[in-house]
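Peer 1: Input structure: protein-v4.cif, which contains mmCIF, C-alpha atoms.
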```
data_query
loop_
_atom_site.label_atom_id
_atom_site.label_comp_id
_atom_site.auth_asym_id
_atom_site.auth_seq_id
_atom_site.Cartn_x
_atom_site.Cartn_y
_atom_site.Cartn_z
CA MET U 1 55.98 144.89 -74.95
CA ASP U 2 59.18 146.19 -76.50
CA ALA U 3 62.24 145.50 -74.39
CA GLY U 4 65.86 146.52 -74.67
CA SER U 5 68.77 144.21 -75.51
CA GLY U 6 68.40 142.30 -72.26
CA LEU U 7 70.31 141.69 -69.04
CA THR U 8 71.75 138.57 -67.45
CA ALA U 9 70.26 137.07 -64.32
CA GLY U 10 73.42 138.07 -62.49
CA GLN U 11 73.03 141.69 -63.56
CA ILE U 12 69.40 141.77 -62.46
CA ALA U 13 70.27 140.22 -59.10
CA GLU U 14 72.85 142.98 -58.53
CA LEU U 15 70.39 145.64 -59.68
CA VAL U 16 67.68 144.59 -57.22
CA GLY U 17 70.01 143.61 -54.38
CA GLY U 18 68.91 139.97 -54.49
CA GLU U 19 70.58 136.62 -53.90
CA LEU U 20 71.08 134.65 -57.12
CA ILE U 21 70.47 130.91 -57.10
CA GLY U 22 71.39 129.18 -60.36
CA ARG U 23 73.04 130.44 -63.53
CA ARG U 24 74.36 134.00 -63.75
CA ASP U 25 74.59 134.01 -67.54
CA VAL U 26 70.91 133.45 -68.38
CA THR U 27 69.95 136.33 -70.68
CA LEU U 28 66.60 137.95 -69.96
CA ALA U 29 65.12 140.32 -72.53
CA GLY U 30 61.65 140.85 -71.05
CA VAL U 31 59.17 140.18 -68.25
CA ALA U 32 56.09 137.94 -68.37
CA PRO U 33 53.66 136.17 -66.00
CA LEU U 34 54.66 132.73 -64.73
CA ASN U 35 52.23 130.88 -66.99
CA ARG U 36 53.42 132.65 -70.16
CA ALA U 37 57.09 133.39 -69.55
CA GLY U 38 59.65 131.74 -71.80
CA PRO U 39 63.34 130.89 -71.30
CA GLY U 40 64.40 134.45 -72.20
CA GLU U 41 62.02 136.19 -69.78
CA LEU U 42 61.98 137.15 -66.11
CA SER U 43 58.94 136.38 -63.96
CA PHE U 44 57.96 136.78 -60.31
CA LEU U 45 56.13 134.95 -57.51
CA VAL U 46 54.37 136.98 -54.81
CA SER U 47 51.65 134.68 -53.45
CA PRO U 48 51.33 130.99 -52.50
CA ARG U 49 48.27 130.74 -54.75
CA TYR U 50 50.58 131.00 -57.78
CA VAL U 51 53.00 128.25 -56.71
CA PRO U 52 51.41 125.76 -59.16
CA TYR U 53 52.13 128.22 -61.98
CA PHE U 54 55.71 128.54 -60.77
CA GLU U 55 56.19 124.79 -60.70
CA ARG U 56 55.17 124.55 -64.36
CA SER U 57 56.80 127.78 -65.53
CA SER U 58 59.39 127.96 -68.34
CA ALA U 59 60.71 131.35 -67.21
CA GLY U 60 64.44 131.93 -67.52
CA ALA U 61 64.57 133.35 -63.98
CA VAL U 62 62.07 134.23 -61.26
CA LEU U 63 62.05 136.85 -58.51
CA LEU U 64 61.04 135.12 -55.24
CA GLY U 65 60.29 136.27 -51.72
CA PRO U 66 61.86 134.59 -48.64
CA GLY U 67 58.99 132.15 -48.12
CA PHE U 68 59.59 130.41 -51.45
CA ARG U 69 63.28 129.51 -51.16
CA ASP U 70 62.75 125.77 -50.73
CA LEU U 71 60.37 125.08 -53.62
CA ALA U 72 61.57 121.90 -55.31
CA ALA U 73 59.95 122.25 -58.72
CA GLY U 74 60.06 125.27 -61.02
CA PRO U 75 62.78 127.28 -62.76
CA ALA U 76 66.26 126.63 -61.43
CA THR U 77 67.48 130.22 -61.75
CA ARG U 78 65.97 132.24 -58.92
CA ILE U 79 66.60 135.67 -57.47
CA MET U 80 65.72 135.82 -53.79
CA VAL U 81 64.55 139.24 -52.60
CA THR U 82 62.81 140.65 -49.55
CA ASP U 83 59.85 141.89 -51.61
CA PRO U 84 59.41 140.84 -55.27
CA LEU U 85 57.22 143.78 -56.34
CA PRO U 86 59.68 146.63 -55.70
CA ALA U 87 62.40 144.42 -57.21
CA LEU U 88 60.21 143.86 -60.26
CA ALA U 89 59.69 147.62 -60.62
CA ARG U 90 63.45 148.17 -60.75
CA ALA U 91 63.90 145.31 -63.22
CA LEU U 92 61.17 146.70 -65.48
CA ASP U 93 62.87 150.09 -65.59
CA ALA U 94 66.12 148.42 -66.67
CA LEU U 95 64.60 146.00 -69.20
CA TYR U 96 62.18 148.53 -70.73
CA PRO U 97 64.06 151.84 -70.71
CA ALA U 98 61.94 154.91 -71.38
CA GLU U 99 62.33 156.84 -74.59
CA PRO U 100 64.61 159.84 -74.08
CA THR U 101 62.72 163.12 -73.68
CA ARG U 102 63.06 165.66 -76.48
CA TRP U 103 63.71 168.89 -74.64
CA ALA U 104 62.11 171.49 -76.88
CA VAL U 105 59.06 173.74 -77.26
CA HIS U 106 56.86 172.72 -80.18
CA GLY U 107 56.24 175.49 -82.68
CA SER U 108 52.46 175.23 -82.29
CA ALA U 109 52.50 175.65 -78.50
CA ARG U 110 51.01 178.89 -77.12
CA ILE U 111 53.15 180.44 -74.42
CA GLY U 112 51.52 183.27 -72.46
CA ARG U 113 53.11 186.49 -71.29
CA GLY U 114 55.42 186.15 -68.31
CA VAL U 115 55.76 182.35 -68.45
CA ARG U 116 59.04 181.25 -66.83
CA TRP U 117 60.89 177.99 -66.48
CA ASN U 118 64.19 176.78 -65.09
CA GLY U 119 66.49 174.61 -67.19
CA ARG U 120 65.04 172.20 -69.74
CA VAL U 121 61.36 171.81 -70.64
CA ALA U 122 59.44 169.76 -73.21
CA ILE U 123 56.22 171.41 -74.37
CA GLY U 124 54.17 169.44 -76.87
CA GLU U 125 52.09 170.23 -79.91
CA SER U 126 49.27 172.75 -79.36
CA ALA U 127 49.88 172.92 -75.62
CA VAL U 128 48.74 176.15 -73.95
CA LEU U 129 50.50 177.89 -71.05
CA GLY U 130 48.64 180.89 -69.65
CA GLY U 131 50.22 184.09 -68.46
CA GLY U 132 52.50 183.93 -65.44
CA VAL U 133 52.86 180.13 -65.39
CA ARG U 134 56.04 178.94 -63.66
CA LEU U 135 57.66 175.61 -64.48
CA GLY U 136 60.49 174.00 -62.58
CA ALA U 137 63.39 172.21 -64.25
CA ASP U 138 62.79 169.24 -66.55
CA CYS U 139 59.01 169.60 -66.80
CA VAL U 140 57.09 167.85 -69.60
CA ILE U 141 53.82 169.27 -70.93
CA GLY U 142 51.99 166.95 -73.33
CA ALA U 143 50.21 167.75 -76.58
CA HIS U 144 47.03 169.82 -76.17
CA ALA U 145 47.53 170.12 -72.42
CA HIS U 146 46.35 173.41 -70.91
CA ILE U 147 48.10 175.08 -67.97
CA GLU U 148 46.05 178.12 -66.95
CA GLU U 149 47.23 181.47 -65.69
CA GLY U 150 49.44 181.61 -62.63
CA VAL U 151 49.86 177.86 -62.13
CA VAL U 152 53.11 176.79 -60.44
CA LEU U 153 54.80 173.44 -61.18
CA GLY U 154 57.87 172.14 -59.34
CA ASP U 155 60.80 170.27 -60.86
CA GLU U 156 60.33 167.16 -63.03
CA CYS U 157 56.56 167.44 -63.30
CA CYS U 158 54.68 165.84 -66.18
CA VAL U 159 51.26 166.93 -67.41
CA GLU U 160 50.16 164.48 -70.08
CA ALA U 161 48.17 165.11 -73.25
CA HIS U 162 44.79 166.84 -72.95
CA ALA U 163 45.08 167.34 -69.19
CA VAL U 164 44.06 170.69 -67.73
CA VAL U 165 45.62 172.37 -64.70
CA HIS U 166 43.41 175.32 -63.80
CA SER U 167 44.40 178.56 -62.11
CA GLY U 168 44.89 178.19 -58.38
CA ALA U 169 46.98 175.02 -58.63
CA GLU U 170 50.40 174.62 -57.04
CA LEU U 171 52.20 171.36 -57.82
CA GLY U 172 55.29 170.11 -56.00
CA ASP U 173 58.21 168.22 -57.50
CA ARG U 174 57.80 165.07 -59.62
CA VAL U 175 54.02 165.33 -59.87
CA LEU U 176 52.45 163.29 -62.67
CA VAL U 177 49.08 164.37 -64.07
CA ARG U 178 47.80 161.70 -66.44
CA ALA U 179 46.02 162.29 -69.74
CA GLY U 180 42.62 163.92 -69.51
CA ALA U 181 42.82 164.74 -65.80
CA ARG U 182 41.43 168.04 -64.48
CA VAL U 183 43.19 169.69 -61.54
CA ALA U 184 41.90 172.74 -59.62
CA GLY U 185 38.61 173.15 -61.46
CA LYS U 186 35.66 174.75 -59.67
CA GLY U 187 33.87 172.45 -57.25
CA PHE U 188 30.16 171.63 -57.07
CA ALA U 189 28.74 174.25 -54.70
CA PHE U 190 25.52 176.26 -54.93
CA ALA U 191 23.49 178.40 -52.55
CA ALA U 192 19.78 177.58 -52.67
CA THR U 193 17.36 180.51 -53.03
CA GLY U 194 13.71 180.85 -53.77
CA ASP U 195 14.60 181.52 -57.40
CA GLY U 196 16.99 178.60 -57.87
CA HIS U 197 20.62 177.87 -57.11
CA ILE U 198 23.37 180.49 -57.05
CA PRO U 199 26.87 179.18 -57.86
CA VAL U 200 29.42 179.72 -55.09
CA ARG U 201 32.68 181.12 -56.37
CA HIS U 202 35.80 179.11 -55.50
CA VAL U 203 38.78 181.17 -54.33
CA GLY U 204 40.83 178.49 -52.54
CA ARG U 205 43.89 176.79 -53.96
CA CYS U 206 44.64 173.22 -55.00
CA VAL U 207 47.98 172.24 -53.45
CA ILE U 208 49.61 169.01 -54.66
CA GLY U 209 52.63 167.64 -52.76
CA ASP U 210 55.79 166.05 -54.11
CA ASP U 211 55.68 162.67 -55.89
CA VAL U 212 51.89 162.64 -56.30
CA GLU U 213 50.30 160.84 -59.26
CA ILE U 214 46.85 161.85 -60.52
CA GLY U 215 45.27 159.27 -62.83
CA ALA U 216 43.67 159.66 -66.23
CA ASN U 217 40.32 161.49 -66.25
CA THR U 218 40.50 162.11 -62.52
CA THR U 219 39.20 165.44 -61.22
CA VAL U 220 40.60 167.32 -58.24
CA ASP U 221 38.60 170.45 -57.40
CA ARG U 222 40.17 173.60 -56.01
CA GLY U 223 39.06 174.82 -52.60
CA SER U 224 36.05 177.04 -52.13
CA ILE U 225 37.20 179.29 -49.28
CA ASP U 226 39.78 176.80 -48.00
CA ASP U 227 42.41 174.79 -49.93
CA THR U 228 42.20 171.32 -51.43
CA VAL U 229 45.41 169.52 -50.42
CA ILE U 230 46.98 166.22 -51.53
CA GLY U 231 49.96 165.06 -49.47
CA ALA U 232 53.34 163.91 -50.71
CA GLY U 233 53.62 160.44 -52.22
CA THR U 234 49.89 159.86 -52.62
CA LYS U 235 48.87 157.91 -55.73
CA ILE U 236 45.41 158.44 -57.25
CA ASP U 237 44.05 156.05 -59.88
CA ASN U 238 41.92 156.85 -62.93
CA LEU U 239 38.36 158.22 -62.74
CA VAL U 240 38.52 159.49 -59.15
CA GLN U 241 36.59 162.53 -57.89
CA VAL U 242 38.18 164.69 -55.18
CA ALA U 243 35.83 167.49 -54.19
CA HIS U 244 36.58 170.99 -52.90
CA ASN U 245 38.36 171.47 -49.56
CA VAL U 246 39.26 167.78 -49.28
CA ARG U 247 42.55 167.15 -47.49
CA ILE U 248 44.38 163.94 -48.30
CA GLY U 249 47.49 162.99 -46.35
CA ALA U 250 50.79 161.48 -47.44
CA ARG U 251 51.35 158.10 -49.09
CA CYS U 252 47.67 157.30 -49.59
CA ILE U 253 46.49 154.88 -52.28
CA ILE U 254 43.17 155.83 -53.90
CA MET U 255 41.85 153.37 -56.49
CA ALA U 256 39.60 153.77 -59.51
CA GLN U 257 36.16 155.41 -59.29
CA VAL U 258 36.50 156.53 -55.68
CA GLY U 259 34.47 159.63 -54.81
CA ILE U 260 35.41 161.91 -51.92
CA ALA U 261 32.88 164.60 -51.00
CA GLY U 262 33.75 168.11 -49.90
CA SER U 263 35.75 168.98 -46.77
CA THR U 264 36.50 165.36 -45.90
CA VAL U 265 39.90 164.60 -44.35
CA VAL U 266 41.82 161.48 -45.36
CA GLU U 267 44.84 161.09 -43.11
CA ASP U 268 48.26 159.59 -43.96
CA ASP U 269 48.71 156.04 -45.32
CA VAL U 270 45.03 155.39 -46.00
CA MET U 271 43.91 153.00 -48.74
CA LEU U 272 40.58 153.57 -50.50
CA ALA U 273 39.64 150.63 -52.74
CA GLY U 274 37.73 150.90 -56.01
CA GLN U 275 34.32 152.59 -56.10
CA ALA U 276 34.35 153.51 -52.42
CA GLY U 277 32.32 156.62 -51.66
CA LEU U 278 33.06 159.04 -48.81
CA ALA U 279 30.47 161.51 -47.57
CA ASP U 280 31.36 165.11 -46.76
CA HIS U 281 32.90 166.57 -43.59
CA LEU U 282 34.20 163.31 -42.13
CA THR U 283 37.64 161.98 -41.19
CA VAL U 284 39.28 158.71 -42.25
CA GLY U 285 42.01 158.04 -39.71
CA ARG U 286 45.63 157.30 -40.42
CA GLY U 287 46.36 153.85 -41.88
CA ALA U 288 42.68 152.94 -42.30
CA ARG U 289 41.47 150.71 -45.14
CA VAL U 290 38.16 151.19 -46.94
CA ALA U 291 37.07 148.15 -48.97
CA ALA U 292 35.75 148.29 -52.52
CA GLN U 293 32.25 149.75 -53.04
CA SER U 294 31.96 150.79 -49.41
CA GLY U 295 29.81 153.78 -48.47
CA VAL U 296 31.45 155.80 -45.69
CA ILE U 297 28.99 158.11 -43.92
CA GLY U 298 30.85 158.59 -40.62
CA ASP U 299 34.38 158.89 -39.27
CA VAL U 300 36.70 155.89 -39.61
CA ASP U 301 39.09 155.19 -36.74
CA PRO U 302 42.82 155.05 -37.46
CA GLY U 303 44.16 151.64 -38.51
CA THR U 304 40.77 149.99 -38.99
CA THR U 305 39.33 148.25 -42.04
CA VAL U 306 35.72 148.97 -42.99
CA SER U 307 33.42 147.63 -45.69
CA GLY U 308 29.79 147.60 -46.82
CA TYR U 309 27.09 150.25 -46.72
CA PRO U 310 27.01 151.94 -44.40
CA ALA U 311 30.69 151.12 -43.93
CA ARG U 312 31.48 149.43 -40.63
CA ASN U 313 34.11 147.14 -39.15
CA HIS U 314 35.03 144.58 -41.80
CA ARG U 315 35.13 141.64 -39.38
CA ALA U 316 31.63 142.47 -38.17
CA VAL U 317 30.41 142.58 -41.77
CA LEU U 318 31.90 139.13 -42.43
CA ARG U 319 30.33 137.70 -39.25
CA GLN U 320 26.94 139.08 -40.23
CA ALA U 321 27.23 137.61 -43.72
CA ALA U 322 28.19 134.21 -42.27
CA ALA U 323 25.27 134.30 -39.82
CA LEU U 324 22.86 135.16 -42.62
CA ALA U 325 24.16 132.27 -44.70
CA ARG U 326 23.52 129.87 -41.80
CA LEU U 327 20.03 131.24 -41.25
CA THR U 328 18.95 131.06 -44.90
CA PRO U 329 18.23 127.26 -44.91
CA LEU U 330 15.97 127.79 -41.88
CA VAL U 331 13.70 130.27 -43.66
CA PRO U 332 11.24 127.66 -45.11
CA SER U 333 10.66 126.04 -41.71
CA ILE U 334 10.22 129.46 -40.09
CA GLU U 335 7.68 130.41 -42.75
CA ARG U 336 5.77 127.17 -42.19
CA ALA U 337 5.71 127.76 -38.43
CA VAL U 338 4.42 131.30 -38.93
CA ALA U 339 1.72 130.00 -41.33
CA ARG U 340 0.55 127.42 -38.74
CA ASP U 341 0.35 130.12 -36.04
CA ASP U 342 -1.68 132.34 -38.35
CA ALA U 343 -4.05 129.45 -39.20
CA SER U 344 -4.63 128.68 -35.57
#
```
Before we go any further, please render this structure as structure tokens.

Peer 2:
Amino acid sequence: MDAGSGLTAGQIAELVGGELIGRRDVTLAGVAPLNRAGPGELSFLVSPRYVPYFERSSAGAVLLGPGFRDLAAGPATRIMVTDPLPALARALDALYPAEPTRWAVHGSARIGRGVRWNGRVAIGESAVLGGGVRLGADCVIGAHAHIEEGVVLGDECCVEAHAVVHSGAELGDRVLVRAGARVAGKGFAFAATGDGHIPVRHVGRCVIGDDVEIGANTTVDRGSIDDTVIGAGTKIDNLVQVAHNVRIGARCIIMAQVGIAGSTVVEDDVMLAGQAGLADHLTVGRGARVAAQSGVIGDVDPGTTVSGYPARNHRAVLRQAAALARLTPLVPSIERAVARDDAS
């Protein structure tokens, strides 16, 4: 990775609000994992499982949580913080500053009639903005992105290259739509008849709250006769499917390849791990956790963790797996006993 000119350990400690132990003048020009960091790089320790890496690390300085203060071995320059990951995020922003945005409209961009924006915008090569689009201040539209008629974007939104935001979408402030994503497209809905399937027109909106991120190649369908809603601060990974009329609360984390069927409600602070599948018309309660590859076919109570298929209480799943493991060695003797009974 390309870094800037570097910062001293003392400067980074001040930036992240940490306590510096060791030399203030160590210059750090980049960030690397413990097992690959050199004397000019910052690293971090977040889990006891990586203590052996820390003890052998050559990093110039390391961000450490409170539980690691008394480690004897390892780099001498340490920055003690309450939580290393948010501190690392701030350090990364300082050590790898983003390229300045070029506020301009590319000559090949197509701007429809009645498009309006406030303040600066950056509109890339061959981007298309349909009639009546409204952009807030400091919006960035990537090359070949398509913003359809009537879409509304708040301030500081970014729609990356080749993404499409269809009509019916309303995005809040600081929304990030990654490359190739599709927002507010028609959902999968048909009415069965004797002659086949009639498509159901979608007339609902797709309402995206402030500070939402929508990952690359993710699809978020607009509502059919209701709205699809994603709450403020929710982060959605790549390759996720959010169907029509789904309502997702605030601050949720939704990981890669999750599928959420129509009209399901995901309340605030929920985490859906990779490849989890949620059936339609159910509710996942506030603060619940759904483990990877789980199949959710019923409501999930607030604050619980579920796993497996069908998804159920994670502790119960672990107990069942442990019981099965204990029973497996008994199978041959059970089979022999059954064979003797049959013979008799």

Peer 1: Just the residues within 7 Å of U:Ala291, please, counting only C-alpha atoms, with nothing from its chain fewer than 2 positions along; format it as an MDAnalysis selection string.

Peer 2: chainID U and resid 272:273 276 289 293:294 306:307

Peer 1: For the PyMOL selection byres ((chain U and resi 116) around 6), applied here, can you spell out every residue it catches as a VMD selection string?

Peer 2: chain U and resid 115 117 134

Peer 1: Just want the 9 Å neighbourhood of U:Thr283, counted on only C-alpha atoms, with same-chain residues fewer than 5 positions away dropped. Output as a list in words.

Peer 2: Thr264, Val265, Val266, Glu267, Gly298, Asp299, Val300 and Asp301 of chain U

Peer 1: Hey, which of U:Gly209, U:Gly136, U:Gly30, U:Gly10 ends up closest to U:Ala169? Count all atoms listed in the file.

Peer 2: U:Gly209

Peer 1: Suppose a student applies the PyMOL selection byres ((chain U and resi 57-59) around 12) to this structure; what residues should they get, written as number ranges by chain?

Peer 2: U: 9, 26-45, 50-56, 60-63, 73-78

Peer 1: For each of U:Ile21, U:Asp138, U:Gly131, U:Leu88, take the minimum atom-to-atom distance to U:Gly119, counting only C-alpha atoms, then give the residue where this is smallest.

Peer 2: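 Looking only at the distances to U:Gly119, the closest residue turns out to be U:Asp138.
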
Peer 1: Ranking U:Val240, U:Ile225, U:Leu129, U:Leu135 by minimum distance to U:Ala189 and counting all atoms listed in the file, which one comes first?

Peer 2: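 Between U:Val240, U:Ile225, U:Leu129, U:Leu135, the residue approaching U:Ala189 most closely is U:Ile225.
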
Peer 1: May I ask for the distance between atom CA of U:Val200 and atom CA of U:Val246, given in Å to one decimal place?

Peer 2: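 Going from atom CA of U:Val200 over to atom CA of U:Val246, I get 16.5 Å.
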
Peer 1: So the first atom is atom CA of U:Gly22 and the second is atom CA of U:Ile79; what is the distance between them in Å, to one decimal place?

Peer 2: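 Answer for the atom CA of U:Gly22 to atom CA of U:Ile79 separation: 8.6 Å.
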
Peer 1: Between U:His166, U:Lys235, U:Arg174, U:Arg113, which has the minimum distance to U:Val151 (counting all atoms listed in the file)?

Peer 2: U:His166

Peer 1: Contacts of U:Ala279 at 9 Å or less, counting only C-alpha atoms, minus same-chain residues fewer than 3 places along, as a PyMOL selection string?

Peer 2: chain U and resi 259-262+264+282+295-298

Peer 1: Which residues, written as a list in words, have at least one atom at most 10 Å from U:Gln11, with all atoms listed in the file counted and residues fewer than 5 positions away on the same chain left out?

Peer 2: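 My list of contacting residues is Gly6, Val16, Gly17, Leu20, Arg24, Asp25, Val26, Thr27, Leu28 and Ala91 of chain U.
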
Peer 1: Take every atom of stretch 245-257 of chain U listed in the file, pad by 3 Å on each side, and give me the axis-aligned box centre and edge lengths in Å, one decimal, as JSON.

Peer 2:
```
{"center_x": 43.8, "center_y": 162.4, "center_z": -52.9, "size_x": 21.2, "size_y": 24.1, "size_z": 19.2}
```

Peer 1: Check the smallest atom-to-atom distance from each of U:Ala161, U:Val46, U:Val284, U:Ala87 to U:Phe68 using all atoms listed in the file, then report the winner.

Peer 2: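 Closest to U:Phe68 of all the choices is U:Val46.
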
Peer 1: For the file shown, what are the residues hit by the PyMOL selection byres ((chain U and resi 122) around 7), laid out as a VMD selection string?

Peer 2: chain U and resid 102 to 105 121 123 to 124 139 to 141

Peer 1: In Å, how far is it from atom CA of U:Val177 to atom CA of U:His162?

Peer 2: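 Computing it gives 10.2 Å between the two atoms.
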
Peer 1: Taking only C-alpha atoms into account, which of U:Ala191, U:Leu64, U:Ala109, U:Ala13 comes nearest U:Asp83?

Peer 2: U:Leu64

Peer 1: Might you pull out every residue within 8 Å of U:Gly187, with only C-alpha atoms counted and same-chain residues fewer than 5 positions away left off, and present them as JSON, numbers by chain?

Peer 2: {"U": [202, 221, 222, 223, 224, 243, 244]}
